[in-house]
Amino acid sequence: MEKTPSSIALKEFEKSRASEIVKAMEDHDYDLSICEWGIKGFESIAAYAMTTQNTESLADFMDDGGCEAIITIMSKYSESSQTVASFGCLAISILVWSLREFKEFFGELGGCELIVFAISMHIGDAEVSEYGSRAIAYLAKQNIHNSYRLSDAGACDVLAQVGNFGFCLRHQKCITIATNVCYAFVQLSEALNAKRLFDCGISSLISELIKLHYKNEDFAIAGMEIICALASLNAAHREELGKVGVCQYVIKIIELYNKNNPIILEGCEAIMHLSLSPNNAYILGEENTCALICKMLFNKLMNIDFGAEVCTGAMLNLATYGITAIPNRQRLIDANAVEILKQTQFCPKASYKARENITTLLQLLEPANSNTSTSNNIQNQNAAISAQNNGTSSNLLSVIYGSELKGNTVPLQVEVREVIEYESILSDSQRFCARSPSPNADTEDSSSIGMDDFGSPSIAHGKHSNNNNSRLHGVVEL
């Protein structure tokens, strides 16, 4: 929403000053008709200053009392006059977009409360809905004080009502208003407002608007931003977004705009936040999201600011949360994630957090990658044992790593991952503690020592032959 906002610049006010309009209104005792003329004049002066980037004209507007006059007019007539409400919202949106100082000034003058009141008095009016929702977005952007003022004034509930205008498909401003509402909600998505946003049913509203308008590029960007904002607030919003089908549409939008890097980046960030929910991680895994993230990282986002951090964060969440964590790891491996991550690790755009994510991911994926050919590995291990049995006597010990799948969903499984010499284990007193087998015994229990899920040693027992070599047995269920 950084592009220059639309405006209405009337020719008669091209060279006017706010002080002249203020004097004319005072002379007519702020009559309704003169105030409607005056509010159009204020908006036109602001529009000319914005389009010409004339900061001196904006400073003169503030010095001439233009801001106070707008507040006065809206306080008197925004309830009864659609013209005052629409042009007042438009004038404020232009001024706060043009200069940061106006944002603070209007907040202190009570502009936030007046904007919300004006919109609530004209629900269903296209102009007031468009300019009012835009004014809320600009007032709250990067200004936490205005965000709280707007929320306290009931902006969340009012915007939810305005968002219904997005379903009026025959109206030419339908998509514009839906887009502005999304941007306004983005700026109000603070932790303090999380419950208010949830109570007003924003997740269902956004989901339905996305289903209708996701093929419009401007709306798609706004839709991705509000999904990111809501999904980052708390678990309740993430769960609700998943229930109403947002996950599937995030994938559709990324695939549809696969040449638009800003949309792809927002979409991948949305996946990163949504996948913190185990239920959403399952949905996204089934939608082939792992392969999509790998593809976008490699082809589009590796050399873009925050691209590596967002994509690796999404991968890490998919490979960590829910009962599909293990299948998602395999999906990442199948999508060549290990090689892509190794390449990303040395990318100049990769942040510290991205490299941290990559390190964790490689620890998760590389052992799993080595087990994609488990049967071949077991055959090789058995062959090595056979060779040892036929040659010199050397004590072998199998190292077992516990499964990371918890939650009593399946029995704990362990696999033989390494075969190392028994004497080397004895020499490493910090990791292992074992007793040397008696060389004179015909048969004796041997121990396979590893680490379970909680970092404690896990031991699998077998029988030594009379030459004291262990026999390895594939997978063990505990």
# chains A, B, ... in the order shown; residues from 1 in each chain; ligands from 1
$ residues_around --residues "Gly154 in chain A" --least-positions-apart "6" --cutoff "12 Å" --atoms "only C-alpha atoms" --output "MDAnalysis selection string"
chainID A and resid 112:120 136 147:148 160:161 188 193 196:197 200
$ select_by_dssp --residues "range 130-223 of chain A" --states "alpha helix (DSSP H)" --output "PyMOL selection string"
chain A and resi 130-140+144-152+155-163+174-188+194-199+202-213+217-223
$ atom_distance --atom1 "CA of Met315 in chain A" --atom2 "CA of Ile283 in chain A"
14.1 Å
$ residues_around --residues "Glu26 in chain A" --least-positions-apart "3" --cutoff "12 Å" --atoms "only C-alpha atoms" --output "count of residues only"
15
$ closest_residue --among "A:Ile304, A:Ala194, A:Leu109, A:Cys290" --to "Asn328 in chain A" --atoms "only C-alpha atoms"
A:Cys290
$ closest_residue --among "A:Ala281, A:Ile251, A:Leu365, A:Met272" --to "Ile323 in chain A" --atoms "only C-alpha atoms"
A:Ala281
